[in-house]
file model02.txt (compact mmCIF, C-alpha atoms)
# COMPACT_ATOMS: atom_id res chain seq x y z
CA MET X 1400 0.00 0.00 0.00
CA THR X 1401 1.45 3.30 -1.04
CA TYR X 1402 -1.36 5.67 -0.17
CA ASN X 1403 -0.44 8.88 1.63
CA PHE X 1404 -3.04 10.06 4.05
CA GLN X 1405 -3.47 13.80 3.73
CA PHE X 1406 -5.74 15.44 6.20
CA ARG X 1407 -4.47 18.96 5.45
CA ASP X 1408 -7.05 19.82 2.76
CA VAL X 1409 -9.78 18.36 4.89
CA PHE X 1410 -8.82 20.33 7.96
CA ALA X 1411 -8.54 23.45 5.82
CA ALA X 1412 -12.30 23.20 5.28
CA TRP X 1413 -13.04 23.22 9.00
CA GLU X 1414 -15.53 26.05 8.63
CA PHE X 1415 -17.74 23.82 6.50
CA LEU X 1416 -17.53 21.04 9.05
CA LEU X 1417 -18.42 23.39 11.87
CA GLU X 1418 -21.42 24.70 9.97
CA GLY X 1419 -22.58 21.16 9.31
CA LEU X 1420 -22.04 20.23 12.93
CA ALA X 1421 -24.27 23.12 14.00
CA LEU X 1422 -27.16 21.88 11.87
CA THR X 1423 -26.67 18.29 13.05
CA LEU X 1424 -26.83 19.46 16.65
CA GLU X 1425 -29.81 21.70 16.01
CA LEU X 1426 -31.72 18.94 14.21
CA SER X 1427 -30.91 16.45 16.98
CA LEU X 1428 -31.93 18.68 19.86
CA VAL X 1429 -35.13 20.03 18.30
CA THR X 1430 -36.17 16.55 17.21
CA MET X 1431 -35.50 15.12 20.65
CA ALA X 1432 -37.71 17.78 22.25
CA ILE X 1433 -40.56 17.28 19.77
CA GLY X 1434 -40.13 13.50 19.85
CA LEU X 1435 -40.41 13.49 23.63
CA VAL X 1436 -43.61 15.56 23.54
CA ILE X 1437 -45.13 13.26 20.90
CA GLY X 1438 -43.98 10.29 22.97
CA LEU X 1439 -45.56 11.51 26.21
CA ALA X 1440 -48.86 12.51 24.61
CA GLY X 1441 -49.02 9.46 22.34
CA ALA X 1442 -48.19 6.97 25.07
CA ALA X 1443 -50.85 8.46 27.36
CA ALA X 1444 -53.37 8.21 24.51
CA ARG X 1445 -52.24 4.66 23.72
CA VAL X 1446 -52.69 3.45 27.30
CA TYR X 1447 -55.49 5.57 28.77
CA GLY X 1448 -57.27 6.93 25.68
CA ALA X 1449 -60.56 6.00 24.08
CA PRO X 1450 -60.52 2.86 21.88
CA TRP X 1451 -60.55 4.84 18.61
CA LEU X 1452 -57.67 7.01 19.83
CA LYS X 1453 -55.69 3.93 20.85
CA ARG X 1454 -56.18 2.51 17.38
CA ILE X 1455 -55.02 5.70 15.64
CA VAL X 1456 -51.86 5.86 17.76
CA ALA X 1457 -51.18 2.17 17.16
CA VAL X 1458 -51.47 2.63 13.39
CA TYR X 1459 -49.10 5.61 13.53
CA VAL X 1460 -46.54 3.73 15.60
CA GLU X 1461 -46.63 0.57 13.48
CA THR X 1462 -46.51 2.44 10.17
CA ILE X 1463 -43.46 4.46 11.16
CA ARG X 1464 -41.63 1.62 12.88
CA ASN X 1465 -42.03 -0.73 9.93
CA THR X 1466 -40.80 1.61 7.18
CA PRO X 1467 -37.32 3.08 6.66
CA LEU X 1468 -36.54 6.64 7.76
CA ILE X 1469 -35.06 7.52 4.37
CA VAL X 1470 -38.32 6.59 2.60
CA GLN X 1471 -40.29 8.71 5.11
CA LEU X 1472 -37.91 11.55 4.38
CA PHE X 1473 -38.26 11.19 0.60
CA LEU X 1474 -42.03 11.01 0.93
CA ILE X 1475 -42.14 14.29 2.82
CA PHE X 1476 -39.50 16.16 0.84
CA PHE X 1477 -40.09 14.86 -2.71
CA GLY X 1478 -43.61 13.50 -2.38
CA LEU X 1479 -45.63 16.07 -0.48
CA PRO X 1480 -44.97 18.99 -2.88
CA SER X 1481 -47.17 17.21 -5.44
CA ALA X 1482 -49.94 17.38 -2.83
CA GLY X 1483 -49.30 21.11 -2.48
CA LEU X 1484 -47.18 20.96 0.70
CA LYS X 1485 -43.70 22.27 0.05
CA PHE X 1486 -40.94 22.43 2.66
CA ASP X 1487 -37.31 23.42 2.44
CA ALA X 1488 -34.79 20.67 3.17
CA ASN X 1489 -34.20 21.59 6.81
CA THR X 1490 -37.90 21.78 7.67
CA ALA X 1491 -38.64 18.52 5.87
CA ALA X 1492 -35.76 16.90 7.76
CA MET X 1493 -37.07 18.15 11.07
CA ILE X 1494 -40.61 16.97 10.35
CA ALA X 1495 -39.51 13.51 9.20
CA LEU X 1496 -37.12 12.99 12.11
CA SER X 1497 -39.70 14.17 14.66
CA ILE X 1498 -42.42 11.92 13.27
CA ASN X 1499 -39.95 9.04 13.27
CA LEU X 1500 -38.61 9.56 16.79
CA GLY X 1501 -42.12 10.23 18.10
CA ALA X 1502 -43.25 6.74 17.14
CA TYR X 1503 -40.29 5.09 18.86
CA SER X 1504 -40.73 7.27 21.97
CA ILE X 1505 -44.41 6.34 22.23
CA GLU X 1506 -43.52 2.65 22.17
CA ILE X 1507 -40.82 3.05 24.82
CA ILE X 1508 -42.83 5.29 27.16
CA ARG X 1509 -45.90 3.08 26.73
CA ALA X 1510 -43.91 0.09 28.01
CA GLY X 1511 -42.96 2.21 31.03
CA LEU X 1512 -46.57 3.26 31.67
CA GLU X 1513 -47.79 -0.31 31.49
CA ALA X 1514 -45.17 -1.37 34.01
CA ILE X 1515 -46.65 0.94 36.69
CA PRO X 1516 -48.71 -1.33 38.96
CA ARG X 1517 -52.42 -0.54 39.31
CA SER X 1518 -51.97 -0.45 43.09
CA GLN X 1519 -49.63 2.55 42.82
CA ILE X 1520 -52.35 4.55 41.11
CA GLU X 1521 -54.87 3.46 43.75
CA ALA X 1522 -52.43 4.48 46.48
CA GLY X 1523 -52.26 7.91 44.87
CA GLN X 1524 -56.04 8.12 44.78
CA SER X 1525 -56.35 7.15 48.42
CA LEU X 1526 -53.92 9.95 49.30
CA GLY X 1527 -56.33 12.36 47.66
CA LEU X 1528 -54.15 13.31 44.68
CA SER X 1529 -55.93 14.78 41.68
CA PRO X 1530 -55.82 12.81 38.40
CA LEU X 1531 -53.26 15.26 37.01
CA GLN X 1532 -51.08 14.92 40.11
CA ILE X 1533 -51.33 11.14 39.90
CA TYR X 1534 -50.36 11.26 36.25
CA ARG X 1535 -47.39 13.48 36.97
CA TYR X 1536 -45.96 12.03 40.19
CA VAL X 1537 -47.16 8.44 40.29
CA ILE X 1538 -47.21 7.47 36.62
CA ILE X 1539 -45.06 9.62 34.35
CA PHE X 1540 -42.10 10.29 36.61
CA PRO X 1541 -41.40 6.66 37.62
CA ALA X 1542 -42.19 5.48 34.08
CA ILE X 1543 -39.66 7.84 32.51
CA LYS X 1544 -37.13 6.94 35.18
CA MET X 1545 -37.58 3.27 34.33
CA MET X 1546 -37.41 3.83 30.57
CA PHE X 1547 -34.67 6.45 30.65
CA PRO X 1548 -31.86 4.14 29.44
CA ALA X 1549 -33.95 2.88 26.50
CA LEU X 1550 -35.11 6.38 25.67
CA SER X 1551 -31.62 7.88 25.77
CA SER X 1552 -30.12 5.19 23.54
CA GLN X 1553 -32.97 5.77 21.09
CA PHE X 1554 -32.09 9.47 21.16
CA VAL X 1555 -28.44 8.73 20.42
CA LEU X 1556 -29.49 6.48 17.53
CA LEU X 1557 -31.60 9.36 16.25
CA MET X 1558 -28.63 11.74 16.42
CA LEU X 1559 -26.68 9.30 14.23
CA ALA X 1560 -29.67 8.87 11.93
CA THR X 1561 -29.77 12.63 11.24
CA SER X 1562 -26.92 11.90 8.80
CA VAL X 1563 -29.60 10.59 6.42
CA VAL X 1564 -30.92 14.13 5.87
CA SER X 1565 -27.82 14.80 3.77
CA GLN X 1566 -29.64 12.84 1.06
CA ILE X 1567 -32.26 15.57 0.68
CA SER X 1568 -29.48 18.19 0.59
CA ALA X 1569 -29.99 19.49 4.14
CA GLN X 1570 -26.54 20.85 4.96
CA ASP X 1571 -25.71 18.76 8.01
CA LEU X 1572 -22.30 17.39 9.00
CA PHE X 1573 -22.55 14.48 6.59
CA HIS X 1574 -23.58 16.69 3.68
CA MET X 1575 -20.62 18.96 4.34
CA ALA X 1576 -18.40 15.90 4.21
CA SER X 1577 -19.55 15.11 0.69
CA ILE X 1578 -18.99 18.73 -0.34
CA ILE X 1579 -15.42 18.59 0.97
CA GLN X 1580 -14.97 15.21 -0.69
CA SER X 1581 -15.98 16.58 -4.07
CA ARG X 1582 -13.57 19.49 -3.68
CA THR X 1583 -10.52 17.70 -2.34
CA PHE X 1584 -11.03 14.08 -3.52
CA ARG X 1585 -9.83 12.97 -0.09
CA ASP X 1586 -12.66 10.44 0.32
CA PHE X 1587 -11.19 8.25 2.99
CA GLU X 1588 -9.87 11.07 5.15
CA VAL X 1589 -13.12 13.02 5.08
CA TYR X 1590 -15.35 10.12 6.01
CA ILE X 1591 -13.03 8.82 8.71
CA LEU X 1592 -12.89 12.30 10.23
CA VAL X 1593 -16.66 12.68 10.09
CA ALA X 1594 -17.18 9.22 11.57
CA ALA X 1595 -14.89 10.24 14.43
CA ALA X 1596 -16.88 13.44 14.90
CA TYR X 1597 -20.11 11.46 15.19
CA LEU X 1598 -18.44 9.11 17.65
CA VAL X 1599 -17.45 12.04 19.85
CA LEU X 1600 -20.96 13.47 19.56
CA ALA X 1601 -22.49 10.13 20.55
CA LEU X 1602 -20.18 9.98 23.54
CA LEU X 1603 -21.06 13.55 24.59
CA PHE X 1604 -24.78 12.82 24.27
CA ARG X 1605 -24.42 9.68 26.40
CA LEU X 1606 -22.54 11.68 29.03
CA ALA X 1607 -25.19 14.39 28.97
CA PHE X 1608 -27.98 11.84 29.38
CA ALA X 1609 -26.15 10.20 32.27
CA GLY X 1610 -25.83 13.66 33.83
CA ILE X 1611 -29.54 14.38 33.35
CA TYR X 1612 -30.40 11.05 34.94
CA GLN X 1613 -28.22 11.81 37.97
CA PHE X 1614 -29.66 15.28 38.28
CA VAL X 1615 -33.35 14.54 37.77
CA PHE X 1616 -33.95 10.96 38.82
CA ALA X 1617 -31.16 9.40 40.85
CA ARG X 1618 -31.71 11.24 44.13
CA ARG X 1619 -35.45 10.76 44.32
CA MET N 964 -38.12 11.11 -20.74
CA ILE N 965 -41.16 11.37 -18.53
CA ARG N 966 -43.71 8.62 -18.93
CA GLU N 967 -46.79 7.52 -17.04
CA LEU N 968 -46.50 5.45 -13.90
CA SER N 969 -48.02 2.10 -14.78
CA PHE N 970 -48.66 -1.27 -13.20
CA ILE N 971 -45.40 -2.62 -14.62
CA ASP N 972 -43.51 -0.09 -12.45
CA VAL N 973 -45.19 -1.50 -9.37
CA LEU N 974 -44.08 -4.96 -10.44
CA TYR N 975 -40.52 -3.70 -10.92
CA LEU N 976 -40.57 -2.23 -7.43
CA ILE N 977 -41.79 -5.49 -5.96
CA ALA N 978 -39.10 -7.32 -7.91
CA ALA N 979 -36.45 -4.93 -6.54
CA ALA N 980 -37.47 -5.95 -3.03
CA ARG N 981 -35.63 -9.24 -3.59
CA TRP N 982 -32.34 -7.31 -3.58
CA THR N 983 -33.39 -5.75 -0.30
CA LEU N 984 -33.96 -9.27 1.02
CA ALA N 985 -30.70 -10.53 -0.48
CA LEU N 986 -28.74 -7.72 1.17
CA THR N 987 -30.54 -8.39 4.46
CA ALA N 988 -29.56 -12.05 4.21
CA ILE N 989 -25.91 -11.21 3.53
CA ALA N 990 -25.87 -8.65 6.34
CA PHE N 991 -27.46 -11.13 8.72
CA LEU N 992 -24.97 -13.84 7.79
CA GLY N 993 -21.91 -11.59 8.01
CA GLY N 994 -23.27 -9.78 11.04
CA GLY N 995 -24.11 -13.09 12.68
CA ILE N 996 -20.52 -14.30 12.40
CA VAL N 997 -19.12 -10.99 13.67
CA GLY N 998 -21.81 -10.80 16.35
CA LEU N 999 -21.08 -14.29 17.63
CA ALA N 1000 -17.41 -13.42 17.97
CA ILE N 1001 -18.26 -10.15 19.75
CA ALA N 1002 -20.70 -11.84 22.14
CA LEU N 1003 -18.07 -14.43 23.05
CA LEU N 1004 -15.43 -11.74 23.53
CA ARG N 1005 -17.79 -9.84 25.80
CA VAL N 1006 -18.39 -12.81 28.11
CA SER N 1007 -14.84 -14.13 28.06
CA SER N 1008 -12.95 -14.37 31.32
CA LEU N 1009 -10.00 -12.30 30.04
CA LEU N 1010 -10.30 -8.56 30.64
CA PRO N 1011 -8.44 -7.41 27.47
CA LEU N 1012 -10.78 -9.50 25.32
CA ARG N 1013 -13.83 -8.06 27.05
CA TRP N 1014 -12.44 -4.58 26.43
CA LEU N 1015 -11.82 -5.34 22.77
CA GLY N 1016 -15.43 -6.40 22.37
CA ALA N 1017 -16.71 -3.33 24.24
CA ILE N 1018 -14.61 -0.92 22.15
CA TYR N 1019 -15.89 -2.49 18.93
CA VAL N 1020 -19.51 -2.22 20.00
CA HIS N 1021 -19.19 1.39 21.19
CA ALA N 1022 -17.29 2.48 18.09
CA VAL N 1023 -19.85 0.99 15.69
CA GLN N 1024 -22.92 2.00 17.67
CA GLY N 1025 -21.54 5.53 17.96
CA THR N 1026 -21.10 6.14 14.23
CA PRO N 1027 -23.73 6.40 11.49
CA LEU N 1028 -24.17 3.41 9.20
CA LEU N 1029 -23.98 5.88 6.32
CA ALA N 1030 -20.38 6.71 7.28
CA TRP N 1031 -19.43 3.02 7.15
CA LEU N 1032 -21.00 2.66 3.72
CA PHE N 1033 -19.08 5.67 2.40
CA VAL N 1034 -15.80 4.63 3.99
CA PHE N 1035 -16.00 1.24 2.35
CA PHE N 1036 -17.36 2.41 -0.98
CA PHE N 1037 -15.03 5.36 -1.52
CA GLY N 1038 -12.29 4.48 0.92
CA LEU N 1039 -11.28 0.94 0.07
CA SER N 1040 -10.37 1.83 -3.50
CA ILE N 1041 -7.28 3.65 -2.23
CA PHE N 1042 -5.92 0.31 -1.03
CA GLY N 1043 -6.05 -0.89 -4.62
CA PHE N 1044 -9.34 -2.80 -4.42
CA THR N 1045 -12.01 -2.24 -7.00
CA VAL N 1046 -15.05 -1.88 -4.82
CA SER N 1047 -18.48 -2.78 -6.14
CA PRO N 1048 -21.55 -1.54 -4.26
CA TRP N 1049 -22.18 -5.19 -3.33
CA LEU N 1050 -18.83 -5.60 -1.64
CA ALA N 1051 -18.98 -2.23 0.13
CA ALA N 1052 -22.51 -2.88 1.34
CA ALA N 1053 -21.73 -6.44 2.48
CA ALA N 1054 -18.72 -5.22 4.48
CA ALA N 1055 -20.45 -2.19 6.00
CA TYR N 1056 -23.60 -4.09 6.97
CA SER N 1057 -21.66 -7.00 8.46
CA ILE N 1058 -19.74 -4.59 10.69
CA TYR N 1059 -22.90 -2.72 11.63
CA ALA N 1060 -25.09 -5.78 12.26
CA GLY N 1061 -22.24 -7.51 14.11
CA ALA N 1062 -22.17 -4.82 16.78
CA PHE N 1063 -25.92 -4.91 17.41
CA LEU N 1064 -26.30 -8.69 17.24
CA GLY N 1065 -23.23 -9.12 19.44
CA GLU N 1066 -24.78 -6.86 22.05
CA ILE N 1067 -28.15 -8.66 21.89
CA TRP N 1068 -26.57 -12.08 22.19
CA ARG N 1069 -24.24 -10.99 25.00
CA GLY N 1070 -27.31 -9.95 26.95
CA CYS N 1071 -28.84 -13.38 26.38
CA LEU N 1072 -25.68 -15.19 27.45
CA GLN N 1073 -25.43 -13.07 30.59
CA ALA N 1074 -29.09 -13.60 31.42
CA ILE N 1075 -28.28 -17.24 32.17
CA PRO N 1076 -27.54 -17.44 35.90
CA ARG N 1077 -23.90 -17.76 36.96
CA THR N 1078 -24.83 -20.96 38.81
CA GLN N 1079 -25.49 -22.69 35.49
CA TRP N 1080 -21.83 -22.13 34.50
CA GLU N 1081 -20.75 -23.36 37.92
CA ALA N 1082 -22.94 -26.44 37.62
CA GLY N 1083 -21.25 -27.17 34.30
CA ALA N 1084 -17.82 -26.64 35.84
CA SER N 1085 -18.62 -28.95 38.75
CA LEU N 1086 -19.50 -31.63 36.23
CA GLY N 1087 -16.00 -31.25 34.83
CA LEU N 1088 -16.94 -29.43 31.62
CA GLY N 1089 -14.45 -26.96 30.11
CA PHE N 1090 -15.37 -23.39 29.03
CA THR N 1091 -16.38 -24.36 25.49
CA GLN N 1092 -18.28 -27.38 26.72
CA GLN N 1093 -20.16 -25.33 29.31
CA LEU N 1094 -20.98 -22.84 26.60
CA ARG N 1095 -22.11 -25.47 24.14
CA TYR N 1096 -24.07 -27.88 26.32
CA VAL N 1097 -25.32 -25.69 29.16
CA ILE N 1098 -25.44 -22.00 28.29
CA VAL N 1099 -26.13 -21.69 24.56
CA PRO N 1100 -29.16 -24.02 24.47
CA GLN N 1101 -30.82 -21.88 27.16
CA ALA N 1102 -29.65 -18.54 25.77
CA LEU N 1103 -30.91 -19.43 22.28
CA ARG N 1104 -34.51 -19.43 23.50
CA LEU N 1105 -34.06 -15.93 24.90
CA ALA N 1106 -32.23 -14.72 21.79
CA ILE N 1107 -34.84 -15.47 19.14
CA PRO N 1108 -37.38 -12.65 19.79
CA PRO N 1109 -34.85 -9.76 19.90
CA THR N 1110 -32.95 -11.23 16.94
CA VAL N 1111 -36.14 -11.25 14.84
CA GLY N 1112 -36.76 -7.70 16.05
CA PHE N 1113 -33.32 -6.65 14.86
CA LEU N 1114 -34.00 -8.28 11.50
CA VAL N 1115 -36.71 -5.65 11.01
CA GLN N 1116 -34.15 -2.91 11.72
CA LEU N 1117 -31.81 -4.53 9.23
CA ILE N 1118 -34.41 -4.68 6.44
CA LYS N 1119 -35.21 -1.01 6.98
CA ASN N 1120 -31.57 0.00 7.11
CA THR N 1121 -30.68 -1.75 3.85
CA SER N 1122 -32.48 1.24 2.31
CA LEU N 1123 -29.36 3.30 3.04
CA ALA N 1124 -27.38 1.22 0.53
CA ALA N 1125 -29.29 3.14 -2.15
CA VAL N 1126 -26.97 6.11 -1.60
CA ILE N 1127 -23.94 4.21 -2.89
CA GLY N 1128 -25.87 3.09 -5.94
CA PHE N 1129 -26.80 -0.36 -4.68
CA ILE N 1130 -29.97 -1.27 -6.59
CA GLU N 1131 -32.59 -2.34 -4.06
CA LEU N 1132 -36.10 -1.21 -3.22
CA THR N 1133 -35.34 2.41 -2.30
CA ARG N 1134 -32.93 2.91 -5.22
CA GLU N 1135 -35.49 1.44 -7.60
CA GLY N 1136 -37.95 3.92 -6.13
CA GLN N 1137 -35.55 6.77 -6.91
CA LEU N 1138 -35.07 5.51 -10.47
CA THR N 1139 -38.81 5.10 -11.00
CA THR N 1140 -39.36 8.62 -9.66
CA ALA N 1141 -36.81 9.97 -12.10
CA THR N 1142 -38.60 8.49 -15.12
CA THR N 1143 -42.23 8.98 -14.08
CA PHE N 1144 -41.94 12.09 -11.90
CA ARG N 1145 -44.55 10.78 -9.48
CA PRO N 1146 -42.57 10.80 -6.21
CA PHE N 1147 -45.54 10.72 -3.85
CA THR N 1148 -47.14 7.61 -5.36
CA VAL N 1149 -43.83 5.84 -5.91
CA TYR N 1150 -42.49 6.36 -2.39
CA LEU N 1151 -45.87 5.44 -0.94
CA ILE N 1152 -45.66 2.13 -2.82
CA VAL N 1153 -42.05 1.67 -1.67
CA ALA N 1154 -43.09 2.31 1.94
CA ALA N 1155 -45.97 -0.14 1.57
CA ILE N 1156 -43.61 -2.86 0.32
CA TYR N 1157 -41.25 -2.28 3.26
CA PHE N 1158 -44.24 -2.42 5.59
CA ALA N 1159 -45.37 -5.71 4.05
CA LEU N 1160 -41.89 -7.15 4.66
CA CYS N 1161 -41.41 -5.79 8.17
CA PHE N 1162 -44.80 -5.90 9.83
CA PRO N 1163 -45.21 -9.71 9.87
CA LEU N 1164 -41.73 -10.01 11.39
CA THR N 1165 -42.56 -7.40 14.04
CA GLN N 1166 -45.71 -9.29 14.96
CA TRP N 1167 -43.85 -12.60 15.01
CA SER N 1168 -41.16 -11.18 17.28
CA ARG N 1169 -43.84 -9.84 19.62
CA ARG N 1170 -45.62 -13.20 19.73
CA LEU N 1171 -42.39 -15.04 20.45
CA GLU N 1172 -41.65 -12.63 23.27
CA ARG N 1173 -45.07 -13.08 24.81
CA ARG N 1174 -44.70 -16.86 24.68
CA LEU N 1175 -41.34 -16.56 26.40
CA HIS N 1176 -42.86 -14.59 29.25
CA VAL N 1177 -45.61 -17.17 29.70
CA ALA N 1178 -43.06 -19.95 29.79
CA ARG N 1179 -41.16 -18.34 32.64

call {"tool": "encode", "arguments": {"input": "model02.txt", "output": "structure tokens"}}
result
Amino acid sequence: MTYNFQFRDVFAAWEFLLEGLALTLELSLVTMAIGLVIGLAGAAARVYGAPWLKRIVAVYVETIRNTPLIVQLFLIFFGLPSAGLKFDANTAAMIALSINLGAYSIEIIRAGLEAIPRSQIEAGQSLGLSPLQIYRYVIIFPAIKMMFPALSSQFVLLMLATSVVSQISAQDLFHMASIIQSRTFRDFEVYILVAAAYLVLALLFRLAFAGIYQFVFARR
Amino acid sequence: MIRELSFIDVLYLIAAARWTLALTAIAFLGGGIVGLAIALLRVSSLLPLRWLGAIYVHAVQGTPLLAWLFVFFFGLSIFGFTVSPWLAAAAAYSIYAGAFLGEIWRGCLQAIPRTQWEAGASLGLGFTQQLRYVIVPQALRLAIPPTVGFLVQLIKNTSLAAVIGFIELTREGQLTTATTFRPFTVYLIVAAIYFALCFPLTQWSRRLERRLHVAR
């Protein structure tokens, strides 16, 4: 093997990489927030809702979980304009990722809700807590605590999956990598560097989630 | 040239699904071999081996599959290989699936109580014999539902191979869109085909899991 690794040209384009990193982070964080909200509302509807509501949520969850993210993304970005709904790449990416993560969050939080014993809820009632208080302190809090590891690894997987949005030309970290690749022809160097960047990001997210767990749940 | 989307296009899309299945099979085979090695490393009694397994799993699970595909497709050529999309995809998916399957199977191996290993040892069985006659037969029962569940992930993730020009269901969808200019209908059909492949497996995995809980 006589290949010379040359990272110089790649590092010279650091501004591109930083810009891409910013969008990747933004997409991840916004999607996580929206995904969590969808997850909380959807799981409550799935477990305690009316039968028709349960069925709608179940159809949503199964449809999303049994089709690939990239096809969902293409459907929203390339498909919906023909139905009159047109989004720019970043918005389409955010919508697709949120819808996708929402379905997974519902399934995870639902499992947590179903693991709360009936007697806990009755104990809350006998203490005179209002339904909202019961939902908040007796059901949601312990359920999220229980499902936190599953939820946080799903969130990290989502952060990695944001790389797919490069395929609809949203200018995330991965998209910037292909721009640099086409300018410098340093394929291997660019993608190794970007893979390393994602690895660091994943590590940071895991650390942050561990911190959140310590801060919010561990002492109670 | 733009032409009408017709029934024959739907048939082509369905036919392209076999390459999705073929890639899934290759990924499962390659990933299974890697995963088995990783699971064994992770439960081995030597610390450096356990570390090796842990580093592999964290490295792969912390990077996007897309990056692996690109590294293999664009990267390997600099070592003098001519890389076809098939080879790049097979390598990338084996590495990717290996990490996840290895982690699933490690969990199953570790779910078997320590005392079972000790019982094997007290009968005079060596490490491999304990593994083969005592642990694996019990762990296998636990492993089937999550493995089937991962198979669904794998089928869905083969769609990413489209970006390196691997012709499978999603790529065929892109090509059909380019000639008919009916993205909404085409991708809806593509999604429906994926759903038809994945949903029965999801249900099967769920049923297996329920049966396992009843048995315990």

call {"tool": "closest_residue", "arguments": {"input": "model02.txt", "among": "X:Ile1505, X:Leu1556, X:Val1537, X:Ala1609", "to": "chain N", "atoms": "all atoms listed in the file"}}
result
X:Leu1556

call {"tool": "closest_atom_pairs", "arguments": {"input": "model02.txt", "of": "chain X", "to": "chain N", "cutoff": "7 Å", "atoms": "all atoms listed in the file", "output": "tab-separated table"}}
result
residue	atom	partner	partner_atom	distance
X:Met1400	CA	N:Phe1042	CA	6.0
X:Tyr1402	CA	N:Ile1041	CA	6.6
X:Asn1465	CA	N:Phe1158	CA	5.2
X:Thr1466	CA	N:Phe1158	CA	5.5
X:Pro1467	CA	N:Lys1119	CA	4.6
X:Val1470	CA	N:Ala1154	CA	6.4
X:Leu1474	CA	N:Tyr1150	CA	5.7
X:Phe1477	CA	N:Pro1146	CA	5.9
X:Gly1478	CA	N:Phe1147	CA	3.7
X:Leu1479	CA	N:Phe1147	CA	6.3
X:Ser1481	CA	N:Phe1147	CA	6.9
X:Leu1559	CA	N:Pro1027	CA	5.0
X:Ala1560	CA	N:Pro1027	CA	6.4
X:Ser1562	CA	N:Pro1027	CA	6.9
X:Asp1586	CA	N:Phe1037	CA	5.9
X:Phe1587	CA	N:Gly1038	CA	4.4
X:Tyr1590	CA	N:Val1034	CA	5.9
X:Ile1591	CA	N:Val1034	CA	6.9
X:Ala1594	CA	N:Thr1026	CA	5.7
X:Tyr1597	CA	N:Thr1026	CA	5.5
X:Leu1598	CA	N:Gly1025	CA	4.7
X:Ala1601	CA	N:Gly1025	CA	5.4

call {"tool": "atom_distance", "arguments": {"input": "model02.txt", "atom1": "CA of Ala1074 (chain N)", "atom2": "CA of Val1099 (chain N)"}}
result
11.0 Å

call {"tool": "closest_residue", "arguments": {"input": "model02.txt", "among": "X:Leu1600, X:Ala1607, X:Gln1570, X:Thr1583", "to": "Leu1416 (chain X)", "atoms": "only C-alpha atoms"}}
result
X:Gln1570

call {"tool": "atom_distance", "arguments": {"input": "model02.txt", "atom1": "CA of Leu1606 (chain X)", "atom2": "CA of Val1555 (chain X)"}}
result
10.8 Å

call {"tool": "atom_distance", "arguments": {"input": "model02.txt", "atom1": "CA of Val1593 (chain X)", "atom2": "CA of Gly1501 (chain X)"}}
result
26.8 Å

call {"tool": "closest_atom_pairs", "arguments": {"input": "model02.txt", "of": "region 1013-1119 of chain N", "to": "region 979-990 of chain N", "cutoff": "10 Å", "atoms": "all atoms listed in the file", "output": "tab-separated table"}}
result
residue	atom	partner	partner_atom	distance
N:Trp1049	CA	N:Leu986	CA	8.3
N:Ala1052	CA	N:Leu986	CA	7.9
N:Ala1053	CA	N:Ala990	CA	6.1
N:Ala1054	CA	N:Ala990	CA	8.1
N:Ala1055	CA	N:Ala990	CA	8.4
N:Tyr1056	CA	N:Ala990	CA	5.1
N:Ser1057	CA	N:Ala990	CA	5.0
N:Ile1058	CA	N:Ala990	CA	8.5
N:Tyr1059	CA	N:Ala990	CA	8.5
N:Ala1060	CA	N:Ala990	CA	6.6
N:Gly1061	CA	N:Ala990	CA	8.7
N:Leu1114	CA	N:Thr987	CA	7.8
N:Val1115	CA	N:Thr987	CA	9.4
N:Gln1116	CA	N:Thr987	CA	9.8
N:Leu1117	CA	N:Thr987	CA	6.3
N:Ile1118	CA	N:Thr987	CA	5.7
N:Lys1119	CA	N:Thr983	CA	8.9

call {"tool": "axis_aligned_box", "arguments": {"input": "model02.txt", "around": "region 1610-1619 of chain X", "padding_each_side": "5 Å", "output": "JSON"}}
result
{"center_x": -30.6, "center_y": 12.3, "center_z": 38.8, "size_x": 19.6, "size_y": 15.9, "size_z": 21.0}

call {"tool": "residues_around", "arguments": {"input": "model02.txt", "residues": "Leu1103 (chain N)", "least_positions_apart": "2", "cutoff": "12 Å", "atoms": "all atoms listed in the file", "output": "short mmCIF file (atom, residue, chain, number, x, y, z; two decimals) with C-alpha atoms, in the coordinates of the input"}}
result
data_model
loop_
_atom_site.label_atom_id
_atom_site.label_comp_id
_atom_site.auth_asym_id
_atom_site.auth_seq_id
_atom_site.Cartn_x
_atom_site.Cartn_y
_atom_site.Cartn_z
CA ILE N 1067 -28.15 -8.66 21.89
CA TRP N 1068 -26.57 -12.08 22.19
CA ARG N 1069 -24.24 -10.99 25.00
CA GLY N 1070 -27.31 -9.95 26.95
CA CYS N 1071 -28.84 -13.38 26.38
CA LEU N 1072 -25.68 -15.19 27.45
CA GLN N 1073 -25.43 -13.07 30.59
CA ALA N 1074 -29.09 -13.60 31.42
CA ILE N 1075 -28.28 -17.24 32.17
CA LEU N 1094 -20.98 -22.84 26.60
CA ARG N 1095 -22.11 -25.47 24.14
CA TYR N 1096 -24.07 -27.88 26.32
CA VAL N 1097 -25.32 -25.69 29.16
CA ILE N 1098 -25.44 -22.00 28.29
CA VAL N 1099 -26.13 -21.69 24.56
CA PRO N 1100 -29.16 -24.02 24.47
CA GLN N 1101 -30.82 -21.88 27.16
CA LEU N 1105 -34.06 -15.93 24.90
CA ALA N 1106 -32.23 -14.72 21.79
CA ILE N 1107 -34.84 -15.47 19.14
CA PRO N 1108 -37.38 -12.65 19.79
CA PRO N 1109 -34.85 -9.76 19.90
CA THR N 1110 -32.95 -11.23 16.94
CA LEU N 1175 -41.34 -16.56 26.40
#
